[in-house]
file target_9.cif (mmCIF, C-alpha atoms)
data_structure
loop_
_atom_site.label_atom_id
_atom_site.label_comp_id
_atom_site.auth_asym_id
_atom_site.auth_seq_id
_atom_site.Cartn_x
_atom_site.Cartn_y
_atom_site.Cartn_z
CA MET A 51 296.87 -99.47 249.09
CA PRO A 52 293.55 -101.12 250.08
CA LEU A 53 292.33 -100.72 253.65
CA LEU A 54 291.84 -104.50 253.90
CA GLU A 55 293.48 -107.18 251.74
CA VAL A 56 292.28 -110.75 252.23
CA ARG A 57 294.31 -113.45 250.49
CA ASP A 58 293.47 -117.15 250.24
CA LEU A 59 291.40 -117.19 253.44
CA THR A 60 290.57 -120.75 254.48
CA VAL A 61 288.50 -121.70 257.54
CA SER A 62 287.63 -125.23 258.61
CA PHE A 63 286.12 -126.87 261.69
CA HIS A 64 286.74 -130.36 263.03
CA THR A 65 283.46 -132.02 264.04
CA THR A 66 282.38 -135.54 264.98
CA ASP A 67 280.85 -135.90 261.50
CA GLY A 68 283.99 -134.78 259.68
CA LEU A 69 285.86 -131.69 258.54
CA VAL A 70 283.61 -128.71 257.75
CA GLN A 71 285.27 -126.68 254.98
CA ALA A 72 283.47 -123.42 255.70
CA VAL A 73 285.67 -121.06 253.66
CA ARG A 74 287.95 -122.26 250.87
CA GLY A 75 290.58 -119.88 249.55
CA VAL A 76 288.62 -116.63 249.41
CA SER A 77 290.40 -113.39 248.41
CA PHE A 78 289.18 -109.79 248.16
CA ASP A 79 290.20 -106.15 248.76
CA ILE A 80 288.26 -103.18 250.04
CA ASP A 81 289.18 -99.50 249.99
CA LYS A 82 288.20 -96.83 252.49
CA GLY A 83 284.80 -95.37 251.71
CA HIS A 84 283.77 -98.31 249.51
CA THR A 85 281.16 -101.02 250.03
CA LEU A 86 281.71 -104.71 249.31
CA GLY A 87 278.64 -106.93 249.23
CA ILE A 88 279.05 -110.65 249.96
CA VAL A 89 276.07 -112.70 248.79
CA GLY A 90 275.02 -116.32 248.61
CA GLU A 91 272.56 -118.80 250.04
CA SER A 92 272.65 -119.84 253.69
CA GLY A 93 275.66 -122.07 254.32
CA SER A 94 277.82 -120.50 251.61
CA GLY A 95 280.42 -119.28 254.11
CA LYS A 96 279.63 -115.56 254.08
CA THR A 97 279.44 -115.02 257.84
CA VAL A 98 282.33 -117.33 258.76
CA CYS A 99 284.51 -115.50 256.25
CA THR A 100 284.18 -112.20 258.11
CA GLN A 101 284.01 -113.67 261.61
CA ALA A 102 287.42 -115.23 261.05
CA LEU A 103 288.84 -111.75 260.38
CA LEU A 104 287.67 -110.64 263.82
CA GLY A 105 288.87 -113.74 265.68
CA LEU A 106 285.28 -114.90 266.29
CA THR A 107 285.72 -118.50 265.11
CA PRO A 108 287.05 -120.31 268.21
CA GLY A 109 288.32 -123.81 267.52
CA ALA A 110 288.62 -123.23 263.78
CA ASP A 111 291.68 -123.84 261.63
CA VAL A 112 292.28 -120.50 259.89
CA SER A 113 294.93 -119.84 257.26
CA GLY A 114 295.71 -117.18 254.68
CA GLU A 115 296.27 -113.44 255.14
CA ALA A 116 294.04 -110.55 256.17
CA LEU A 117 296.12 -107.39 255.99
CA PHE A 118 294.40 -104.45 257.67
CA GLU A 119 296.51 -101.37 256.96
CA GLY A 120 299.43 -103.74 256.43
CA ARG A 121 298.96 -105.73 259.67
CA ASP A 122 297.78 -109.33 259.47
CA LEU A 123 294.62 -109.75 261.57
CA LEU A 124 294.99 -113.54 261.50
CA ARG A 125 298.37 -113.40 263.24
CA MET A 126 297.63 -110.78 265.88
CA ARG A 127 297.72 -111.69 269.56
CA ARG A 128 294.36 -111.57 271.35
CA SER A 129 295.22 -108.28 273.06
CA GLN A 130 296.18 -106.70 269.72
CA LEU A 131 293.00 -107.93 268.05
CA ARG A 132 290.84 -106.62 270.91
CA ALA A 133 292.38 -103.18 270.41
CA VAL A 134 291.42 -103.27 266.72
CA ARG A 135 288.00 -104.88 267.14
CA GLY A 136 285.40 -102.24 267.98
CA ALA A 137 287.76 -99.29 267.66
CA ARG A 138 289.01 -99.75 264.09
CA ILE A 139 286.75 -102.55 262.84
CA ALA A 140 283.15 -102.65 264.03
CA ALA A 141 280.43 -105.24 263.50
CA ILE A 142 276.65 -105.02 263.16
CA PHE A 143 275.15 -108.45 263.72
CA GLN A 144 272.04 -110.05 262.26
CA ASP A 145 269.90 -110.20 265.41
CA PRO A 146 270.33 -107.12 267.64
CA LEU A 147 268.11 -108.61 270.36
CA SER A 148 270.61 -111.41 270.93
CA SER A 149 273.62 -109.13 270.41
CA LEU A 150 272.47 -106.57 273.00
CA HIS A 151 272.59 -107.85 276.59
CA PRO A 152 268.98 -108.01 277.87
CA LEU A 153 269.90 -107.14 281.49
CA TYR A 154 271.77 -103.90 280.73
CA ARG A 155 270.42 -100.61 279.47
CA VAL A 156 271.16 -99.76 275.84
CA GLY A 157 273.03 -96.60 276.76
CA TRP A 158 275.15 -98.42 279.35
CA GLN A 159 276.29 -100.91 276.73
CA ILE A 160 277.34 -98.13 274.34
CA ILE A 161 279.09 -96.28 277.17
CA GLU A 162 281.06 -99.37 278.23
CA MET A 163 282.16 -100.00 274.65
CA ILE A 164 283.42 -96.43 274.34
CA ARG A 165 285.27 -96.54 277.68
CA ALA A 166 286.85 -99.91 276.81
CA HIS A 167 288.78 -98.20 274.01
CA GLN A 168 289.09 -94.56 275.08
CA ARG A 169 290.11 -92.84 278.30
CA VAL A 170 287.00 -90.72 278.80
CA SER A 171 284.82 -90.02 281.80
CA ARG A 172 281.47 -91.73 282.20
CA PRO A 173 279.52 -88.43 281.74
CA ALA A 174 281.44 -87.75 278.51
CA ALA A 175 280.78 -91.28 277.24
CA ARG A 176 277.09 -90.92 278.14
CA ALA A 177 276.87 -87.67 276.19
CA ARG A 178 278.47 -89.43 273.22
CA ALA A 179 275.97 -92.31 273.51
CA ILE A 180 273.04 -89.86 273.45
CA GLU A 181 274.58 -88.07 270.46
CA LEU A 182 274.95 -91.37 268.59
CA LEU A 183 271.41 -92.54 269.33
CA SER A 184 270.11 -89.21 268.09
CA LEU A 185 272.32 -89.47 265.00
CA VAL A 186 270.80 -92.83 264.02
CA GLY A 187 267.27 -91.54 264.46
CA ILE A 188 266.23 -92.71 267.93
CA PRO A 189 263.56 -90.18 269.08
CA GLN A 190 264.03 -88.55 272.50
CA ALA A 191 267.51 -90.08 272.75
CA ALA A 192 268.28 -88.39 276.07
CA SER A 193 265.54 -90.41 277.77
CA ARG A 194 265.63 -93.57 275.64
CA VAL A 195 269.34 -94.02 276.44
CA ASP A 196 268.27 -95.57 279.76
CA ASP A 197 265.83 -98.07 278.20
CA TYR A 198 266.46 -101.80 278.07
CA PRO A 199 266.70 -103.61 274.69
CA HIS A 200 263.23 -105.15 275.07
CA GLN A 201 261.78 -101.63 275.25
CA PHE A 202 263.05 -100.90 271.73
CA SER A 203 261.33 -102.09 268.56
CA GLY A 204 263.27 -104.28 266.13
CA GLY A 205 264.18 -101.33 263.93
CA MET A 206 265.25 -99.23 266.93
CA ARG A 207 267.44 -102.08 268.24
CA GLN A 208 269.14 -102.29 264.86
CA ARG A 209 269.69 -98.52 264.95
CA ALA A 210 271.20 -98.89 268.42
CA MET A 211 273.59 -101.52 267.06
CA ILE A 212 274.58 -99.14 264.27
CA ALA A 213 275.14 -96.40 266.87
CA MET A 214 277.40 -98.74 268.85
CA ALA A 215 279.33 -99.68 265.71
CA LEU A 216 279.90 -96.00 264.85
CA ALA A 217 280.83 -94.94 268.38
CA LEU A 218 284.57 -94.80 267.72
CA ASN A 219 284.44 -93.79 264.04
CA PRO A 220 285.76 -97.15 262.77
CA ASP A 221 287.58 -97.45 259.46
CA LEU A 222 285.75 -100.67 258.55
CA ILE A 223 282.21 -101.81 259.40
CA ILE A 224 281.09 -105.41 258.88
CA ALA A 225 277.29 -105.65 258.67
CA ASP A 226 276.00 -109.22 258.80
CA GLU A 227 272.42 -109.43 257.47
CA PRO A 228 271.58 -106.08 259.10
CA THR A 229 268.05 -105.87 257.67
CA THR A 230 266.87 -109.50 257.60
CA ALA A 231 264.49 -109.32 260.57
CA LEU A 232 262.98 -105.95 259.62
CA ASP A 233 259.86 -105.13 257.64
CA ALA A 234 260.23 -103.48 254.24
CA THR A 235 259.68 -99.90 255.46
CA VAL A 236 262.15 -100.13 258.34
CA GLN A 237 264.59 -102.02 256.12
CA ALA A 238 264.60 -99.12 253.64
CA GLN A 239 265.17 -96.65 256.49
CA VAL A 240 268.11 -98.66 257.87
CA ILE A 241 269.69 -99.00 254.42
CA GLU A 242 269.37 -95.24 253.85
CA LEU A 243 270.81 -94.56 257.32
CA MET A 244 273.81 -96.85 256.82
CA GLY A 245 274.59 -95.30 253.46
CA ARG A 246 274.36 -91.77 254.82
CA LEU A 247 276.50 -92.51 257.87
CA GLN A 248 279.09 -94.39 255.84
CA GLU A 249 279.48 -91.38 253.58
CA GLU A 250 279.70 -89.05 256.58
CA PHE A 251 282.36 -91.14 258.37
CA ASP A 252 284.11 -92.33 255.14
CA SER A 253 284.17 -95.88 256.50
CA ALA A 254 284.58 -98.99 254.38
CA LEU A 255 281.60 -101.34 254.61
CA ILE A 256 281.32 -105.09 254.11
CA ILE A 257 277.66 -106.06 253.94
CA ILE A 258 276.74 -109.75 254.13
CA THR A 259 273.30 -110.62 252.81
CA HIS A 260 271.21 -113.01 250.74
CA ASP A 261 269.02 -110.08 249.67
CA MET A 262 270.01 -108.92 246.19
CA GLY A 263 267.84 -105.81 246.66
CA VAL A 264 270.15 -104.65 249.47
CA ILE A 265 273.14 -105.25 247.19
CA ALA A 266 271.50 -103.18 244.45
CA GLU A 267 271.03 -100.31 246.91
CA MET A 268 274.41 -100.28 248.63
CA ALA A 269 277.28 -102.26 247.09
CA ASP A 270 280.09 -100.92 244.93
CA GLU A 271 281.53 -104.40 244.35
CA VAL A 272 279.97 -107.82 244.88
CA LEU A 273 281.54 -111.13 245.88
CA VAL A 274 279.30 -114.15 245.24
CA MET A 275 280.04 -117.19 247.42
CA TYR A 276 278.95 -120.81 247.03
CA ALA A 277 280.02 -123.81 249.15
CA GLY A 278 282.74 -121.77 250.84
CA LYS A 279 284.33 -120.43 247.63
CA ALA A 280 284.12 -117.19 245.67
CA VAL A 281 282.42 -117.96 242.34
CA GLU A 282 282.06 -114.43 240.94
CA HIS A 283 283.52 -111.02 241.79
CA THR A 284 282.75 -107.80 239.96
CA ASP A 285 281.18 -104.37 240.29
CA ARG A 286 277.48 -104.05 241.06
CA ARG A 287 276.35 -102.94 237.60
CA THR A 288 278.17 -105.76 235.83
CA LEU A 289 276.74 -108.31 238.26
CA PHE A 290 273.16 -107.26 237.60
CA TYR A 291 273.41 -106.64 233.85
CA SER A 292 276.08 -109.10 232.69
CA PRO A 293 276.43 -111.93 235.22
CA HIS A 294 278.58 -114.84 234.09
CA HIS A 295 278.35 -117.65 236.64
CA PRO A 296 275.17 -119.78 236.48
CA TYR A 297 274.79 -119.52 240.25
CA THR A 298 274.74 -115.72 240.09
CA VAL A 299 272.15 -115.87 237.32
CA GLY A 300 270.08 -118.21 239.48
CA LEU A 301 270.20 -115.79 242.40
CA LEU A 302 269.08 -112.92 240.18
CA GLU A 303 266.25 -114.95 238.62
CA SER A 304 265.00 -115.84 242.10
CA ILE A 305 264.34 -112.19 242.97
CA PRO A 306 260.60 -111.41 243.20
CA GLY A 307 259.79 -109.09 240.33
CA SER A 308 262.59 -110.38 238.09
CA ALA A 309 260.21 -112.60 236.13
CA GLY A 310 258.03 -111.10 233.45
CA ALA A 311 254.29 -110.61 233.85
CA GLY A 312 252.56 -113.96 234.26
CA GLU A 313 255.84 -115.86 234.63
CA ARG A 314 256.73 -118.01 237.60
CA LEU A 315 259.94 -117.41 239.53
CA ARG A 316 262.79 -119.70 238.52
CA PRO A 317 264.29 -121.02 241.76
CA ILE A 318 267.68 -122.72 241.73
CA VAL A 319 266.98 -126.45 241.68
CA GLY A 320 268.33 -128.63 244.47
CA GLN A 321 270.00 -127.69 247.74
CA PRO A 322 273.42 -126.28 248.65
CA PRO A 323 275.90 -129.09 249.39
CA SER A 324 277.06 -130.12 252.84
CA LEU A 325 280.38 -128.47 253.62
CA ILE A 326 281.55 -131.82 254.98
CA SER A 327 281.07 -133.62 251.65
CA ILE A 328 281.49 -131.06 248.88
CA PRO A 329 280.99 -132.44 245.35
CA SER A 330 284.06 -133.03 243.22
CA GLY A 331 284.93 -130.56 240.50
CA CYS A 332 282.74 -127.45 240.50
CA ALA A 333 280.63 -127.62 243.67
CA PHE A 334 277.67 -126.12 241.79
CA HIS A 335 277.61 -128.73 239.01
CA PRO A 336 274.77 -130.88 240.50
CA ARG A 337 272.45 -127.85 240.27
CA CYS A 338 273.77 -126.22 237.09
CA ARG A 339 271.69 -126.15 233.90
CA TYR A 340 274.86 -125.75 231.81
CA VAL A 341 276.94 -128.53 233.38
CA MET A 342 279.67 -130.07 231.19
CA ASP A 343 281.71 -133.24 231.71
CA ARG A 344 284.76 -131.32 232.91
CA CYS A 345 282.67 -129.54 235.56
CA ARG A 346 282.27 -132.85 237.40
CA THR A 347 286.00 -133.44 237.77
CA GLU A 348 287.85 -130.10 237.44
CA ILE A 349 287.63 -127.14 239.83
CA PRO A 350 287.27 -123.97 237.74
CA PRO A 351 289.60 -121.13 238.79
CA LEU A 352 288.31 -117.63 239.53
CA ALA A 353 289.43 -116.30 236.15
CA THR A 354 289.03 -113.00 234.33
CA VAL A 355 285.98 -112.89 232.03
CA GLY A 356 285.85 -109.12 231.53
CA ARG A 357 287.17 -105.85 232.84
CA ASP A 358 287.36 -106.14 236.66
CA HIS A 359 285.14 -109.21 236.35
CA ARG A 360 286.15 -112.69 237.50
CA SER A 361 284.12 -115.88 237.47
CA ALA A 362 284.82 -119.49 238.49
CA CYS A 363 283.11 -121.13 235.51
CA PHE A 364 284.26 -122.93 232.35
CA LEU A 365 281.60 -121.27 230.17
CA PRO A 366 282.90 -118.93 227.45
CA SER A 367 283.82 -115.40 228.50
CA LEU A 368 281.18 -113.72 226.35
CA LEU A 369 280.22 -110.08 226.82
CA GLN A 370 276.86 -110.98 228.32
CA GLY A 371 278.09 -114.25 229.82
CA VAL A 372 275.39 -116.66 230.91
CA ALA A 373 272.82 -113.85 230.96
CA GLY A 374 272.87 -113.83 227.16
CA GLN A 375 272.47 -117.60 227.04
CA VAL A 376 269.51 -117.43 229.44
CA GLU A 377 267.82 -114.83 227.25
CA ALA A 378 268.44 -116.96 224.15
CA GLU A 379 266.98 -119.97 225.94
CA ARG A 380 263.85 -117.97 226.80
CA ARG A 381 263.43 -116.91 223.16
CA GLN A 382 263.73 -120.51 221.99
CA THR A 383 261.17 -121.67 224.56
CA ALA A 384 258.73 -118.94 223.53
CA LEU A 385 259.11 -119.82 219.82
CA ALA A 386 258.66 -123.53 220.57
CA HIS A 387 255.31 -122.73 222.16
CA GLY A 388 254.23 -120.48 219.31
CA GLY A 389 254.69 -117.26 221.27
CA ALA A 390 256.62 -114.09 220.63
CA PRO A 391 260.28 -114.08 221.71
#
call {"tool": "encode", "arguments": {"input": "target_9.cif", "output": "structure tokens"}}
result
Amino acid sequence: MPLLEVRDLTVSFHTTDGLVQAVRGVSFDIDKGHTLGIVGESGSGKTVCTQALLGLTPGADVSGEALFEGRDLLRMRRSQLRAVRGARIAAIFQDPLSSLHPLYRVGWQIIEMIRAHQRVSRPAARARAIELLSLVGIPQAASRVDDYPHQFSGGMRQRAMIAMALALNPDLIIADEPTTALDATVQAQVIELMGRLQEEFDSALIIITHDMGVIAEMADEVLVMYAGKAVEHTDRRTLFYSPHHPYTVGLLESIPGSAGAGERLRPIVGQPPSLISIPSGCAFHPRCRYVMDRCRTEIPPLATVGRDHRSACFLPSLLQGVAGQVEAERRQTALAHGGAP
């Protein structure tokens, strides 16, 4: 039985401009000890999808199921959800400087989180906070525990957030863009740290990112989202070597280093749609290089295109999917210009 089963999750917000359809019927599972990566451009619904699970979308209309060890998170009372949030499900947010309170010491914030869920003395909670800060690589943790957030560097603040998330040995950690604001060296250190600690604690991890390099490093499975819907879901290797959906291919082609020597990057043309006025049919069709007439009127289901591989696209379910068609297109272009394929 999966640790978390999400079924047909839908989240919408009423605004003065209209109904924002932030998440539209998303489903996924995650097992203990596994990592699910959720990727997509800004505005694809990645963050709202997981915030809804934690009750962090006030004013939203939320429907569907989110069974955590058989209990539906979406139907829990506030007191029940508070008992789960932090203790059983922890979150690491994108900007630790705004997530950590600037007027309280880092150690105090970890201590209060521990004591909110466990009946332990303040000295015992402080010792645990020092242990956690040391575990995530904060030097001289016994003295740095009394520092304020502004006295930590960006990488150290992110490590402190990870320490807080791990304080109660949660079964599930949701990491929302945990490395976005960090430089490449610190980013690599944080990724290595999260992987090592996840293995040590055997926690499940949902990592939300637009960085395909992070997905390549950490994810076991990948869910690709566009305009609030899941458009592709498969294991990491299949996603990188045999992607099917044109949007996934576009994301991969946009990675620096994915183009050959002397080639320009191939960005996805156009902009993501407004979630208030989503295009009819397949929401990606205005930007798709393979668009067909039916794409403009019919919504493609998330259907099986291979073993443990689903894609919401009407293109044929070939072994290499769209990736093979892209390679064929490149060969034809090279031959048309008199070059080698």
call {"tool": "residues_around", "arguments": {"input": "target_9.cif", "residues": "stretch 106-119 of chain A", "least_positions_apart": "4", "cutoff": "8 Å", "atoms": "all atoms listed in the file", "output": "count of residues only"}}
result
19
call {"tool": "residues_around", "arguments": {"input": "target_9.cif", "residues": "A:Met51", "least_positions_apart": "5", "cutoff": "10 Å", "atoms": "all atoms listed in the file", "output": "VMD selection string"}}
result
chain A and resid 79 to 82 119 to 120
call {"tool": "write_last_selection", "arguments": {"input": "target_9.cif", "atoms": "C-alpha atoms", "output": "PDB file, in the coordinates of the input"}}
result
ATOM      1  CA  ASP A  79     290.200-106.150 248.760  1.00  0.00           C
ATOM      2  CA  ILE A  80     288.260-103.180 250.040  1.00  0.00           C
ATOM      3  CA  ASP A  81     289.180 -99.500 249.990  1.00  0.00           C
ATOM      4  CA  LYS A  82     288.200 -96.830 252.490  1.00  0.00           C
ATOM      5  CA  GLU A 119     296.510-101.370 256.960  1.00  0.00           C
ATOM      6  CA  GLY A 120     299.430-103.740 256.430  1.00  0.00           C
TER       7      GLY A 120
END
call {"tool": "closest_residue", "arguments": {"input": "target_9.cif", "among": "A:Ser361, A:Thr85, A:Ser129, A:Ser149", "to": "A:Leu289", "atoms": "all atoms listed in the file"}}
result
A:Ser361
call {"tool": "closest_residue", "arguments": {"input": "target_9.cif", "among": "A:Ile188, A:Ile349, A:Leu325, A:Ile88", "to": "A:Arg207", "atoms": "all atoms listed in the file"}}
result
A:Ile188
call {"tool": "closest_residue", "arguments": {"input": "target_9.cif", "among": "A:Gln248, A:Thr354, A:Thr259, A:Gln208", "to": "A:Gly90", "atoms": "only C-alpha atoms"}}
result
A:Thr259
call {"tool": "residues_near_point", "arguments": {"input": "target_9.cif", "point": "(279.3, -110.8, 262.2)", "cutoff": "9 Å", "atoms": "only C-alpha atoms", "output": "list in words"}}
result
Thr97, Val98, Thr100, Gln101, Leu104, Leu106, Ala141, Ile142, Phe143, Gln144, Ile224, Ala225, Asp226, Glu227 and Ile258 of chain A
call {"tool": "atom_distance", "arguments": {"input": "target_9.cif", "atom1": "atom CA of A:Ser367", "atom2": "atom CA of A:Ala269"}}
result
23.7 Å
call {"tool": "closest_residue", "arguments": {"input": "target_9.cif", "among": "A:Val355, A:Leu255, A:Met244, A:Ile160", "to": "A:Val272", "atoms": "only C-alpha atoms"}}
result
A:Leu255
call {"tool": "build_atoms", "arguments": {"input": "target_9.cif", "residues": "stretch 242-264 of chain A", "atoms": "N, CA, C and O atoms", "output": "mmCIF file, in the coordinates of the input"}}
result
data_model
loop_
_atom_site.group_PDB
_atom_site.id
_atom_site.type_symbol
_atom_site.label_atom_id
_atom_site.label_comp_id
_atom_site.auth_asym_id
_atom_site.auth_seq_id
_atom_site.Cartn_x
_atom_site.Cartn_y
_atom_site.Cartn_z
ATOM 1 N N GLU A 242 269.094 -96.669 254.096
ATOM 2 C CA GLU A 242 269.370 -95.240 253.850
ATOM 3 C C GLU A 242 270.267 -94.671 254.933
ATOM 4 O O GLU A 242 271.210 -93.913 254.656
ATOM 5 N N LEU A 243 270.014 -95.049 256.185
ATOM 6 C CA LEU A 243 270.810 -94.560 257.320
ATOM 7 C C LEU A 243 272.248 -95.036 257.211
ATOM 8 O O LEU A 243 273.186 -94.238 257.377
ATOM 9 N N MET A 244 272.451 -96.318 256.918
ATOM 10 C CA MET A 244 273.810 -96.850 256.820
ATOM 11 C C MET A 244 274.586 -96.181 255.702
ATOM 12 O O MET A 244 275.767 -95.855 255.849
ATOM 13 N N GLY A 245 273.920 -95.966 254.564
ATOM 14 C CA GLY A 245 274.590 -95.300 253.460
ATOM 15 C C GLY A 245 274.987 -93.870 253.790
ATOM 16 O O GLY A 245 276.092 -93.432 253.478
ATOM 17 N N ARG A 246 274.078 -93.154 254.458
ATOM 18 C CA ARG A 246 274.360 -91.770 254.820
ATOM 19 C C ARG A 246 275.498 -91.668 255.835
ATOM 20 O O ARG A 246 276.404 -90.839 255.704
ATOM 21 N N LEU A 247 275.461 -92.548 256.838
ATOM 22 C CA LEU A 247 276.500 -92.510 257.870
ATOM 23 C C LEU A 247 277.844 -92.979 257.338
ATOM 24 O O LEU A 247 278.887 -92.455 257.733
ATOM 25 N N GLN A 248 277.828 -93.949 256.433
ATOM 26 C CA GLN A 248 279.090 -94.390 255.840
ATOM 27 C C GLN A 248 279.751 -93.258 255.071
ATOM 28 O O GLN A 248 280.961 -93.048 255.160
ATOM 29 N N GLU A 249 278.938 -92.518 254.323
ATOM 30 C CA GLU A 249 279.480 -91.380 253.580
ATOM 31 C C GLU A 249 280.007 -90.314 254.521
ATOM 32 O O GLU A 249 281.058 -89.725 254.277
ATOM 33 N N GLU A 250 279.285 -90.079 255.620
ATOM 34 C CA GLU A 250 279.700 -89.050 256.580
ATOM 35 C C GLU A 250 281.005 -89.417 257.277
ATOM 36 O O GLU A 250 281.878 -88.579 257.474
ATOM 37 N N PHE A 251 281.164 -90.704 257.642
ATOM 38 C CA PHE A 251 282.360 -91.140 258.370
ATOM 39 C C PHE A 251 283.450 -91.663 257.436
ATOM 40 O O PHE A 251 284.558 -91.957 257.902
ATOM 41 N N ASP A 252 283.144 -91.815 256.135
ATOM 42 C CA ASP A 252 284.110 -92.330 255.140
ATOM 43 C C ASP A 252 284.636 -93.707 255.545
ATOM 44 O O ASP A 252 285.818 -94.012 255.368
ATOM 45 N N SER A 253 283.779 -94.536 256.101
ATOM 46 C CA SER A 253 284.170 -95.880 256.500
ATOM 47 C C SER A 253 284.001 -96.846 255.325
ATOM 48 O O SER A 253 283.148 -96.652 254.463
ATOM 49 N N ALA A 254 284.818 -97.884 255.304
ATOM 50 C CA ALA A 254 284.580 -98.990 254.380
ATOM 51 C C ALA A 254 283.495 -99.877 254.981
ATOM 52 O O ALA A 254 283.368 -99.962 256.208
ATOM 53 N N LEU A 255 282.719 -100.526 254.133
ATOM 54 C CA LEU A 255 281.600 -101.340 254.610
ATOM 55 C C LEU A 255 281.599 -102.683 253.885
ATOM 56 O O LEU A 255 281.652 -102.732 252.661
ATOM 57 N N ILE A 256 281.567 -103.756 254.659
ATOM 58 C CA ILE A 256 281.320 -105.090 254.110
ATOM 59 C C ILE A 256 279.930 -105.482 254.559
ATOM 60 O O ILE A 256 279.653 -105.564 255.752
ATOM 61 N N ILE A 257 279.036 -105.703 253.602
ATOM 62 C CA ILE A 257 277.660 -106.060 253.940
ATOM 63 C C ILE A 257 277.390 -107.489 253.465
ATOM 64 O O ILE A 257 277.578 -107.810 252.294
ATOM 65 N N ILE A 258 277.004 -108.342 254.400
ATOM 66 C CA ILE A 258 276.740 -109.750 254.130
ATOM 67 C C ILE A 258 275.225 -109.920 254.049
ATOM 68 O O ILE A 258 274.503 -109.539 254.971
ATOM 69 N N THR A 259 274.749 -110.497 252.965
ATOM 70 C CA THR A 259 273.300 -110.620 252.810
ATOM 71 C C THR A 259 272.959 -111.676 251.774
ATOM 72 O O THR A 259 273.812 -112.056 250.945
ATOM 73 N N HIS A 260 271.740 -112.182 251.821
ATOM 74 C CA HIS A 260 271.210 -113.010 250.740
ATOM 75 C C HIS A 260 270.198 -112.211 249.935
ATOM 76 O O HIS A 260 269.596 -112.727 248.990
ATOM 77 N N ASP A 261 270.018 -110.938 250.298
ATOM 78 C CA ASP A 261 269.020 -110.080 249.670
ATOM 79 C C ASP A 261 269.674 -109.260 248.558
ATOM 80 O O ASP A 261 270.421 -108.312 248.816
ATOM 81 N N MET A 262 269.396 -109.625 247.316
ATOM 82 C CA MET A 262 270.010 -108.920 246.190
ATOM 83 C C MET A 262 269.511 -107.481 246.084
ATOM 84 O O MET A 262 270.176 -106.631 245.497
ATOM 85 N N GLY A 263 268.333 -107.189 246.654
ATOM 86 C CA GLY A 263 267.840 -105.810 246.660
ATOM 87 C C GLY A 263 268.729 -104.910 247.501
ATOM 88 O O GLY A 263 268.976 -103.752 247.131
ATOM 89 N N VAL A 264 269.225 -105.422 248.622
ATOM 90 C CA VAL A 264 270.150 -104.650 249.470
ATOM 91 C C VAL A 264 271.449 -104.397 248.710
ATOM 92 O O VAL A 264 272.010 -103.299 248.755
#
